[in-house]
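Dumped upload.tsv below, it's TSV, C-alpha atoms and all ligand atoms:
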```tsv
chain	number	residue	atom	x	y	z
A	1	MET	CA	-10.31	-22.04	-9.01
A	2	ILE	CA	-12.11	-21.04	-5.87
A	3	LEU	CA	-11.13	-20.29	-2.29
A	4	ARG	CA	-14.03	-21.59	-0.28
A	5	LYS	CA	-15.51	-20.62	3.00
A	6	GLY	CA	-13.85	-22.81	5.59
A	7	ALA	CA	-10.34	-22.35	4.25
A	8	PRO	CA	-7.93	-21.19	6.97
A	9	GLU	CA	-7.83	-17.50	7.84
A	10	LYS	CA	-4.19	-17.43	6.77
A	11	LEU	CA	-5.19	-17.97	3.18
A	12	TRP	CA	-7.46	-14.96	3.12
A	13	ALA	CA	-4.66	-12.64	4.05
A	14	PHE	CA	-3.19	-12.43	0.57
A	15	TRP	CA	-6.45	-10.97	-0.74
A	16	GLY	CA	-5.41	-7.66	0.75
A	17	LYS	CA	-9.08	-6.69	0.94
A	18	SER	CA	-9.93	-8.58	4.06
A	19	SER	CA	-8.01	-10.51	6.63
A	20	ALA	CA	-11.02	-12.63	7.48
A	21	ALA	CA	-12.92	-15.23	5.53
A	22	PRO	CA	-16.43	-14.18	4.49
A	23	LYS	CA	-19.23	-15.12	6.85
A	24	ASP	CA	-21.52	-16.43	4.14
A	25	ASP	CA	-20.98	-18.66	1.16
A	26	SER	CA	-19.85	-15.86	-1.11
A	27	LEU	CA	-17.06	-16.83	-3.44
A	28	ASP	CA	-14.44	-14.57	-4.86
A	29	ASP	CA	-14.31	-15.46	-8.52
A	30	ALA	CA	-11.57	-13.06	-9.59
A	31	VAL	CA	-8.60	-14.70	-7.94
A	32	CYS	CA	-9.41	-18.02	-6.48
A	33	LEU	CA	-8.08	-21.33	-5.37
A	34	GLU	CA	-9.85	-24.65	-5.19
A	35	PHE	CA	-9.34	-25.64	-1.60
A	36	GLU	CA	-11.73	-28.36	-0.61
A	37	PRO	CA	-9.18	-30.71	1.05
A	38	LEU	CA	-8.80	-28.11	3.79
A	39	ALA	CA	-12.31	-28.78	4.97
A	40	ALA	CA	-10.87	-31.84	6.64
A	41	GLY	CA	-8.33	-29.60	8.38
A	42	LYS	CA	-5.47	-31.81	7.31
A	43	LYS	CA	-3.19	-29.27	5.60
A	44	SER	CA	0.03	-28.61	7.42
A	45	ASP	CA	1.40	-25.11	7.94
A	46	PHE	CA	4.11	-25.95	5.45
A	47	GLU	CA	1.59	-26.71	2.72
A	48	ILE	CA	-0.46	-23.64	3.54
A	49	GLY	CA	2.74	-21.58	3.37
A	50	SER	CA	3.49	-22.93	-0.09
A	51	ILE	CA	0.01	-22.09	-1.29
A	52	ILE	CA	0.33	-18.55	0.06
A	53	ASN	CA	3.62	-18.19	-1.79
A	54	VAL	CA	2.11	-19.32	-5.06
A	55	MET	CA	-0.93	-17.11	-4.69
A	56	ARG	CA	0.77	-14.04	-3.25
A	57	ARG	CA	-0.16	-10.84	-5.07
A	58	LEU	CA	2.82	-9.19	-6.71
A	59	GLY	CA	2.90	-6.08	-8.86
A	60	VAL	CA	4.55	-2.82	-9.81
A	61	HIS	CA	3.66	0.83	-9.90
A	62	ALA	CA	2.50	1.04	-13.54
A	63	SER	CA	2.49	4.09	-15.79
A	64	ILE	CA	-0.87	5.51	-16.93
A	65	ALA	CA	0.62	7.10	-20.07
A	66	GLY	CA	-1.88	6.66	-22.88
A	67	GLY	CA	-4.85	6.34	-20.52
A	68	LEU	CA	-5.64	4.50	-17.29
A	69	PRO	CA	-6.43	1.11	-18.91
A	70	LYS	CA	-2.92	1.06	-20.41
A	71	SER	CA	-1.52	0.61	-16.90
A	72	LEU	CA	-3.39	-2.68	-16.60
A	73	GLU	CA	-1.95	-3.94	-19.88
A	74	ARG	CA	1.54	-2.98	-18.74
A	75	ALA	CA	1.14	-4.77	-15.42
A	76	ARG	CA	-0.26	-7.85	-17.09
A	77	ALA	CA	2.55	-7.96	-19.66
A	78	LEU	CA	4.97	-8.12	-16.73
A	79	GLY	CA	3.07	-11.03	-15.20
A	80	CYS	CA	1.72	-8.99	-12.28
A	81	SER	CA	-1.36	-9.94	-10.27
A	82	THR	CA	-1.82	-6.52	-8.61
A	83	LEU	CA	-0.71	-2.95	-9.39
A	84	GLN	CA	-0.49	0.60	-8.19
A	85	ILE	CA	-1.09	3.69	-10.34
A	86	PHE	CA	-1.38	7.45	-10.08
A	87	SER	CA	-4.77	8.75	-11.14
A	88	HIS	CA	-3.15	11.94	-12.53
A	89	ASN	CA	0.19	13.80	-12.38
A	90	PRO	CA	1.11	13.27	-8.71
A	91	ARG	CA	3.29	16.38	-8.49
A	92	GLY	CA	0.67	18.95	-9.38
A	93	TRP	CA	-2.71	20.17	-8.11
A	94	ALA	CA	-4.23	20.27	-11.60
A	95	LEU	CA	-6.76	17.58	-12.46
A	96	THR	CA	-8.62	16.54	-15.55
A	97	ASP	CA	-11.73	14.44	-15.20
A	98	ILE	CA	-11.62	10.74	-15.92
A	99	PRO	CA	-14.21	10.19	-18.67
A	100	GLU	CA	-16.88	7.66	-17.67
A	101	GLU	CA	-16.04	5.57	-20.73
A	102	GLU	CA	-12.38	5.32	-19.69
A	103	ALA	CA	-13.40	4.34	-16.17
A	104	ARG	CA	-15.71	1.66	-17.52
A	105	ARG	CA	-12.97	0.26	-19.75
A	106	PHE	CA	-10.63	0.19	-16.75
A	107	ARG	CA	-13.11	-1.67	-14.58
A	108	ARG	CA	-13.88	-4.23	-17.30
A	109	LEU	CA	-10.25	-4.88	-18.25
A	110	ARG	CA	-9.12	-5.10	-14.67
A	111	GLU	CA	-11.70	-7.79	-14.01
A	112	LYS	CA	-10.84	-9.64	-17.19
A	113	LEU	CA	-7.13	-9.65	-16.34
A	114	GLY	CA	-7.71	-10.62	-12.72
A	115	LEU	CA	-5.63	-7.75	-11.33
A	116	ASP	CA	-6.52	-7.42	-7.70
A	117	PRO	CA	-6.25	-5.39	-5.53
A	118	VAL	CA	-5.77	-2.10	-7.42
A	119	PHE	CA	-4.09	0.73	-5.49
A	120	ILE	CA	-4.01	4.43	-6.34
A	121	HIS	CA	-1.07	6.35	-4.95
A	122	ALA	CA	-2.33	9.83	-4.05
A	123	CYS	CA	-0.80	13.14	-5.08
A	124	TYR	CA	2.55	13.92	-3.39
A	125	LEU	CA	1.50	17.48	-2.60
A	126	ILE	CA	-1.09	16.35	-0.07
A	127	ASN	CA	-0.12	17.33	3.47
A	128	LEU	CA	-2.82	16.43	5.97
A	129	ALA	CA	-0.72	17.50	8.94
A	130	SER	CA	0.30	20.92	7.65
A	131	ALA	CA	0.04	23.80	10.10
A	132	ASN	CA	-0.95	26.02	7.18
A	133	ILE	CA	-4.74	25.92	6.95
A	134	GLY	CA	-4.70	26.77	3.23
A	135	THR	CA	-2.45	23.80	2.44
A	136	ARG	CA	-4.55	21.57	4.63
A	137	GLU	CA	-7.81	22.58	2.98
A	138	LYS	CA	-6.32	21.99	-0.46
A	139	SER	CA	-5.04	18.62	0.71
A	140	LEU	CA	-8.45	17.59	1.99
A	141	LEU	CA	-10.07	18.44	-1.33
A	142	MET	CA	-7.38	16.59	-3.24
A	143	LEU	CA	-7.59	13.48	-1.09
A	144	ASP	CA	-11.37	13.45	-1.39
A	145	GLU	CA	-10.97	13.70	-5.15
A	146	GLU	CA	-8.39	10.88	-5.20
A	147	MET	CA	-10.86	8.68	-3.39
A	148	ARG	CA	-13.70	9.67	-5.68
A	149	ARG	CA	-11.54	8.70	-8.65
A	150	ALA	CA	-10.72	5.39	-6.98
A	151	ASP	CA	-14.45	4.70	-6.59
A	152	LEU	CA	-15.04	5.64	-10.22
A	153	ILE	CA	-12.51	3.16	-11.62
A	154	GLY	CA	-13.20	0.52	-8.97
A	155	ALA	CA	-9.79	0.75	-7.27
A	156	ASP	CA	-9.66	-0.88	-3.85
A	157	TYR	CA	-7.42	1.52	-1.95
A	158	VAL	CA	-5.88	4.98	-2.04
A	159	VAL	CA	-2.40	5.19	-0.51
A	160	VAL	CA	-1.43	8.56	0.95
A	161	HIS	CA	1.59	10.06	2.69
A	162	ALA	CA	0.22	11.62	5.85
A	163	GLY	CA	2.19	14.84	5.75
A	164	GLN	CA	5.11	16.74	7.18
A	165	PRO	CA	6.06	16.85	10.81
A	166	ALA	CA	5.35	19.93	12.85
A	167	GLY	CA	8.20	22.38	12.72
A	168	ARG	CA	8.88	22.14	9.03
A	169	PRO	CA	7.78	24.98	6.77
A	170	ALA	CA	4.15	24.33	5.93
A	171	ASP	CA	4.78	24.68	2.23
A	172	TYR	CA	7.89	22.55	2.22
A	173	PRO	CA	7.92	21.24	-1.34
A	174	SER	CA	6.35	17.84	-0.99
A	175	ASP	CA	7.80	15.12	-3.12
A	176	HIS	CA	8.44	11.49	-2.56
A	177	GLU	CA	10.77	12.48	0.25
A	178	SER	CA	8.09	14.14	2.36
A	179	GLY	CA	8.42	13.24	6.01
A	180	GLY	CA	5.91	11.60	8.32
A	181	ASP	CA	4.12	13.14	11.22
A	182	THR	CA	5.82	13.04	14.57
A	183	GLY	CA	4.85	16.06	16.63
A	184	ASP	CA	1.72	16.05	18.78
A	185	SER	CA	0.18	19.00	16.98
A	186	GLY	CA	0.93	17.40	13.63
A	187	TYR	CA	-0.74	14.24	14.86
A	188	VAL	CA	-3.87	16.10	15.96
A	189	LEU	CA	-4.12	17.89	12.63
A	190	LEU	CA	-3.62	14.64	10.78
A	191	VAL	CA	-6.40	12.86	12.64
A	192	GLN	CA	-8.74	15.84	12.19
A	193	SER	CA	-8.03	15.89	8.46
A	194	LEU	CA	-8.57	12.16	8.10
A	195	LYS	CA	-11.83	12.28	10.03
A	196	LYS	CA	-13.10	15.07	7.79
A	197	VAL	CA	-12.39	13.24	4.56
A	198	LEU	CA	-13.52	9.83	5.77
A	199	GLY	CA	-16.55	11.22	7.61
A	200	SER	CA	-17.94	12.94	4.54
A	201	ARG	CA	-17.39	9.78	2.50
A	202	LYS	CA	-19.22	7.70	5.06
A	203	LYS	CA	-22.27	9.91	4.68
A	204	ARG	CA	-22.09	9.70	0.91
A	205	PHE	CA	-21.76	5.91	0.89
A	206	ARG	CA	-24.26	5.08	3.61
A	207	ALA	CA	-26.41	3.06	1.27
A	208	GLY	CA	-24.11	3.04	-1.72
A	209	PRO	CA	-21.65	0.59	-3.25
A	210	GLN	CA	-18.48	-0.51	-1.56
A	211	ALA	CA	-16.15	2.48	-1.59
A	212	ALA	CA	-12.35	2.49	-1.77
A	213	GLY	CA	-10.42	2.37	1.52
A	214	LEU	CA	-7.64	4.70	2.63
A	215	LEU	CA	-4.15	3.50	3.55
A	216	LEU	CA	-1.55	5.65	5.31
A	217	GLU	CA	1.99	5.04	4.09
A	218	ASN	CA	5.02	5.35	6.35
A	219	ALA	CA	7.53	7.95	5.21
A	220	ALA	CA	11.31	7.94	5.36
A	221	CYS	CA	11.47	9.83	8.60
A	222	PRO	CA	14.77	11.36	9.78
A	223	PRO	CA	15.67	10.68	13.42
A	224	GLN	CA	15.17	14.32	14.42
A	225	PHE	CA	11.49	13.98	13.41
A	226	GLY	CA	10.85	10.84	15.36
A	227	GLY	CA	12.48	8.21	13.15
A	228	ALA	CA	11.46	4.79	14.33
A	229	ALA	CA	8.42	6.11	16.22
A	230	SER	CA	6.79	7.21	12.98
A	231	ILE	CA	4.91	4.02	12.16
A	232	LYS	CA	3.38	3.84	15.59
A	233	THR	CA	2.05	7.39	15.08
A	234	LEU	CA	0.52	6.42	11.75
A	235	ALA	CA	-1.03	3.29	13.21
A	236	LEU	CA	-2.64	5.36	15.95
A	237	ALA	CA	-3.92	7.88	13.41
A	238	ALA	CA	-5.34	5.17	11.17
A	239	GLY	CA	-7.00	3.47	14.12
A	240	SER	CA	-8.64	6.58	15.47
A	241	SER	CA	-9.80	8.00	12.14
A	242	GLY	CA	-11.39	4.96	10.54
A	243	ALA	CA	-8.80	4.58	7.77
A	244	ALA	CA	-8.63	1.08	6.29
A	245	GLY	CA	-5.07	0.61	7.48
A	246	LEU	CA	-1.43	1.05	6.55
A	247	CYS	CA	0.88	0.62	3.60
A	248	LEU	CA	4.40	-0.30	4.74
A	249	ASP	CA	7.29	0.80	2.55
A	250	THR	CA	10.39	-1.28	3.33
A	251	CYS	CA	12.86	1.42	2.21
A	252	HIS	CA	11.08	4.09	4.26
A	253	ALA	CA	10.89	1.85	7.35
A	254	PHE	CA	14.60	1.01	7.11
A	255	ALA	CA	15.57	4.64	6.55
A	256	SER	CA	13.50	5.56	9.61
A	257	GLY	CA	15.53	3.22	11.78
A	258	TYR	CA	13.53	-0.04	11.77
A	259	ASP	CA	15.99	-2.87	11.26
A	260	ILE	CA	13.68	-5.06	9.24
A	261	ARG	CA	16.64	-7.40	8.53
A	262	THR	CA	16.47	-8.78	12.05
A	263	ALA	CA	13.92	-10.73	14.06
A	264	SER	CA	13.90	-8.10	16.80
A	265	GLY	CA	13.36	-5.25	14.33
A	266	LEU	CA	10.47	-7.11	12.74
A	267	SER	CA	8.90	-7.87	16.10
A	268	GLU	CA	9.11	-4.19	17.01
A	269	LEU	CA	7.42	-3.26	13.75
A	270	ALA	CA	4.69	-5.83	14.30
A	271	ARG	CA	4.17	-4.50	17.81
A	272	GLN	CA	3.83	-0.93	16.59
A	273	THR	CA	1.29	-1.89	13.93
A	274	GLN	CA	-0.78	-4.07	16.21
A	275	GLY	CA	-4.47	-3.21	16.12
A	276	VAL	CA	-4.45	-1.84	12.57
A	277	SER	CA	-4.45	-3.74	9.31
A	278	VAL	CA	-1.39	-3.56	7.13
A	279	ARG	CA	-2.81	-4.10	3.66
A	280	LEU	CA	0.06	-3.39	1.30
A	281	VAL	CA	3.84	-3.56	1.19
A	282	HIS	CA	5.90	-1.28	-1.03
A	283	LEU	CA	8.82	-3.61	-1.58
A	284	ASN	CA	11.96	-1.54	-2.18
A	285	ASP	CA	15.58	-1.87	-1.23
A	286	SER	CA	17.27	1.21	0.22
A	287	LYS	CA	20.27	3.19	-1.06
A	288	GLY	CA	20.55	4.90	2.32
A	289	GLN	CA	21.81	3.38	5.54
A	290	ILE	CA	19.50	2.36	8.35
A	291	GLY	CA	18.16	5.45	10.16
A	292	SER	CA	19.51	7.76	7.45
A	293	GLY	CA	16.10	9.34	6.82
A	294	LEU	CA	16.92	9.08	3.09
A	295	ASP	CA	14.12	8.17	0.72
A	296	ARG	CA	16.21	6.56	-2.03
A	297	HIS	CA	14.81	3.36	-3.49
A	298	GLU	CA	17.18	0.70	-4.81
A	299	HIS	CA	16.79	-2.48	-6.88
A	300	LEU	CA	15.86	-5.49	-4.73
A	301	GLY	CA	18.92	-7.07	-3.19
A	302	LYS	CA	21.26	-4.31	-4.33
A	303	GLY	CA	20.74	-1.91	-1.45
A	304	ARG	CA	21.43	-1.77	2.28
A	305	ILE	CA	18.50	-4.00	3.25
A	306	GLY	CA	19.73	-6.72	0.93
A	307	THR	CA	18.26	-10.00	-0.24
A	308	GLY	CA	18.32	-11.65	3.18
A	309	GLY	CA	16.65	-8.70	4.89
A	310	LEU	CA	13.90	-8.37	2.30
A	311	ARG	CA	13.24	-12.10	2.34
A	312	ARG	CA	12.93	-12.07	6.09
A	313	PHE	CA	10.51	-9.14	5.95
A	314	ILE	CA	8.12	-10.56	3.38
A	315	ARG	CA	8.09	-13.99	5.01
A	316	PHE	CA	7.58	-12.64	8.52
A	317	GLY	CA	4.33	-14.01	9.99
A	318	PRO	CA	2.17	-10.87	10.26
A	319	PHE	CA	3.21	-9.60	6.79
A	320	ARG	CA	3.40	-12.94	5.05
A	321	GLY	CA	0.28	-12.81	2.93
A	322	LEU	CA	0.32	-9.11	2.05
A	323	PRO	CA	0.29	-7.87	-1.54
A	324	LEU	CA	3.69	-6.60	-2.70
A	325	VAL	CA	4.07	-3.62	-5.04
A	326	LEU	CA	7.51	-2.65	-6.32
A	327	GLU	CA	8.56	0.98	-6.59
A	328	THR	CA	12.10	0.17	-7.61
A	329	PRO	CA	14.16	2.36	-9.98
A	330	ARG	CA	13.09	2.19	-13.61
A	331	LYS	CA	15.79	3.47	-15.93
A	332	GLU	CA	15.95	0.56	-18.36
A	333	GLU	CA	13.18	-1.47	-19.93
A	334	SER	CA	14.66	-4.51	-18.19
A	335	ASP	CA	14.50	-3.04	-14.66
A	336	ASP	CA	10.93	-4.07	-13.81
A	337	PRO	CA	11.29	-7.66	-15.09
A	338	MET	CA	14.58	-7.95	-13.19
A	339	ASN	CA	13.07	-6.76	-9.91
A	340	LEU	CA	9.95	-8.86	-10.33
A	341	GLU	CA	12.14	-11.88	-10.85
A	342	ALA	CA	14.05	-11.02	-7.69
A	343	ALA	CA	10.76	-10.62	-5.81
A	344	ARG	CA	9.51	-14.03	-6.98
A	345	ALA	CA	12.74	-15.58	-5.74
A	346	LEU	CA	12.29	-13.83	-2.36
A	347	ILE	CA	8.73	-15.13	-2.10
A	348	GLY	CA	10.01	-18.60	-2.90
A	349	ARG	CA	8.41	-19.50	-6.19
B	401	ZN	ZN	4.48	6.61	-1.44
B	402	ZN	ZN	9.99	6.43	-1.25
```
Represent the structure of the file as structure tokens.
Ligand SMILES: [Zn+2]
Ligand SMILES: [Zn+2]
Amino acid sequence: MILRKGAPEKLWAFWGKSSAAPKDDSLDDAVCLEFEPLAAGKKSDFEIGSIINVMRRLGVHASIAGGLPKSLERARALGCSTLQIFSHNPRGWALTDIPEEEARRFRRLREKLGLDPVFIHACYLINLASANIGTREKSLLMLDEEMRRADLIGADYVVVHAGQPAGRPADYPSDHESGGDTGDSGYVLLVQSLKKVLGSRKKRFRAGPQAAGLLLENAACPPQFGGAASIKTLALAAGSSGAAGLCLDTCHAFASGYDIRTASGLSELARQTQGVSVRLVHLNDSKGQIGSGLDRHEHLGKGRIGTGGLRRFIRFGPFRGLPLVLETPRKEESDDPMNLEAARALIGR
């Protein structure tokens, strides 16, 4: 199946790689849809919407236990069409090299299974906005390495938490609950850090192959650190540093005070992200109340956002075609299948 040049822009959105149709006749053979009737321009929005629903990329954060290619097998066994992985233990600075043979196997298998896009979630210790220069330098090296690893295995994007707000201890133990940047000085440091990493990559890849892009993920930001202003800050940082765009986490947005259950909350979010590309959604329900600043993921439909709120978010115009990756709790073997089923129902297929 092939999505041809000439198909409406809307249909390209679910690719995640590009929001625009290619200029030439190039065809994407990995995940495609035969779409010739559209040449006549007769498809209604309703029909296009249905096609987007069917083709929407849906996946989980998959374990790399047993080697990177194992994550692809796990995602495929769950019926996923995209996935996110760590490239190493995300809670430590230590790294072991990815053998070239393992990287090759990953690239081949990923293509064979049609998993696309592939996201790497960067190390949680990275803090690009830290006031401590030592932490910042370490973070820059680690992020550069994460991106190098993404290039090696052919991943499309690296997702990173920007860092802690100014005013927190620089060595605040980063974990999944790390906050987003809000203070001016934190913002300046963040942009400087991003420009350094992305600038050196640009030089390296001037004539090279397509390199992985960088996505900034919104954090669960407590009100005292800016709360609902946090995504706007990230969008500005992404725009001025040349990052590929943003990853929006529904639990983090809700905990930061964005009421994504309502039309007005969604419009506000769309307004704040205008001008940058949102390329991925982390689809999670939230244990914490709106504006709680709590980063506590919940099974889809069982948290404070709820089924209606999540459905509204993923079907909202500007976010409608985006790939969805679940980071929902995983205590039982049945948890991922259960949440994927819930996600499919939310999408409407
Ligand atoms: Zn994250
Ligand atoms: Zn989280």
* To do: Name the closest residue to Tyr157 (chain A) among the candidates A:Leu215, A:Leu322, A:Leu269, A:Ala94; distances are taken between atoms, counting only C-alpha atoms.
  => A:Leu215
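Of the listed residues (A:Leu140, A:Leu72, A:Phe316, A:Asp285), A:Phe316 comes nearest to Ser264 (chain A); the distances count only C-alpha atoms.
The nearest approach to ligand ZN 402 (chain B) among the residues A:Ala219, A:Ala237, A:Ile231, A:Ala243, with all atoms listed in the file taken into account, belongs to A:Ala219.
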Hey, could you make a per-residue contact list for chain A against ligand ZN 402 (chain B) with 9 Å as the cut-off, showing the nearest pair of atoms and its distance in Å to one decimal, counting all atoms listed in the file, sorted by chain and number, as a tab-separated table?
```
residue	atom	partner	partner_atom	distance
A:His176	CA	B:ZN402	ZN	5.5
A:Glu177	CA	B:ZN402	ZN	6.3
A:Ser178	CA	B:ZN402	ZN	8.7
A:Ala219	CA	B:ZN402	ZN	7.1
A:Ala220	CA	B:ZN402	ZN	6.9
A:Asp249	CA	B:ZN402	ZN	7.3
A:Thr250	CA	B:ZN402	ZN	9.0
A:Cys251	CA	B:ZN402	ZN	6.7
A:His252	CA	B:ZN402	ZN	6.1
A:His282	CA	B:ZN402	ZN	8.7
A:Asn284	CA	B:ZN402	ZN	8.3
A:Leu294	CA	B:ZN402	ZN	8.6
A:Asp295	CA	B:ZN402	ZN	4.9
A:Arg296	CA	B:ZN402	ZN	6.3
A:His297	CA	B:ZN402	ZN	6.1
A:Glu327	CA	B:ZN402	ZN	7.8
```
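Selecting all polymer residues at most 7 Å from ligand ZN 401 (chain B), using all atoms listed in the file, gives His121, Val160, His161, His176 and Glu217 of chain A.
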* **Within 9 Å of Asp156 (chain A) using all atoms listed in the file, minus same-chain residues under 4 positions, as an NGL selection string** => :A and (17 or 116-120 or 150-151 or 211-214)
Leaving out Asp97 (chain A) and any residue of its chain fewer than 4 positions from it, which residues lie within 10 Å of it when counting only C-alpha atoms, given as a CSV table (one decimal) with C-alpha atoms, in the frame of the given file?
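Once everything was written out, this is part_16.csv:
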```csv
chain,number,residue,atom,x,y,z
A,87,SER,CA,-4.8,8.8,-11.1
A,88,HIS,CA,-3.2,11.9,-12.5
A,149,ARG,CA,-11.5,8.7,-8.6
```
* Asked: Which polymer residues have any atom within 12 Å of an atom of Pro323 (chain A), counting all atoms listed in the file, with same-chain residues fewer than 4 positions away left out, as a VMD selection string?
  -> chain A and resid 12 to 19 52 to 53 55 to 60 80 to 84 115 to 119 247 to 249 278 to 283 314 to 315 319 343 347
* Counting all atoms listed in the file, what is within 7 Å of region 305-310 of chain A, bar same-chain residues fewer than 2 positions away, as an MDAnalysis selection string? -> chainID A and resid 260:261 285:286 300:303 312:314
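Between Ala270 (chain A) and the residues A:Leu236, A:Lys287, A:Ala155, A:Gly317, the shortest atom-to-atom distance, using only C-alpha atoms, involves A:Gly317.
The interatomic distance for the pair CA of Lys195 (chain A) and CA of Ala131 (chain A) works out to 16.5 Å.
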* Rank A:Ala244, A:Pro318, A:Glu100, A:Ser130 by their smallest atom-to-atom distance to Gly154 (chain A), using only C-alpha atoms, and report the top residue only. => A:Glu100
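For the choices A:Ala77, A:Ser256, A:Ala122, A:Arg108, the atom-to-atom distance to Arg148 (chain A) is smallest for A:Ala122 when using all atoms listed in the file.
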* Place a sphere of radius 6 Å on (-0.7, 11.2, -17.6) in the file coordinates and name every protein, DNA or RNA residue with an atom inside or on its surface, counting all atoms listed in the file; give the answer as an NGL selection string. => :A and (64-65 or 88-89)
Could those residues be written to a file, using C-alpha atoms, as an mmCIF file, in the coordinates of the input?
```cif
data_model
loop_
_atom_site.group_PDB
_atom_site.id
_atom_site.type_symbol
_atom_site.label_atom_id
_atom_site.label_comp_id
_atom_site.auth_asym_id
_atom_site.auth_seq_id
_atom_site.Cartn_x
_atom_site.Cartn_y
_atom_site.Cartn_z
ATOM 1 C CA ILE A 64 -0.870 5.510 -16.930
ATOM 2 C CA ALA A 65 0.620 7.100 -20.070
ATOM 3 C CA HIS A 88 -3.150 11.940 -12.530
ATOM 4 C CA ASN A 89 0.190 13.800 -12.380
#
```
* Identify, on the basis of all atoms listed in the file, every residue whose closest approach to Lys196 (chain A) does not exceed 12 Å; exclude the query and any residue fewer than 3 positions from it along the same chain; express the result as a PyMOL selection string. => chain A and resi 128+136-137+139-141+143-144+189-193+199-203+241-243
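One distance worth recording is that between CA of Gly66 (chain A) and CA of Leu113 (chain A), which is 18.3 Å.
Our summary of the geometry notes that CA of Thr96 (chain A) is positioned 21.7 Å from CA of Gly134 (chain A).
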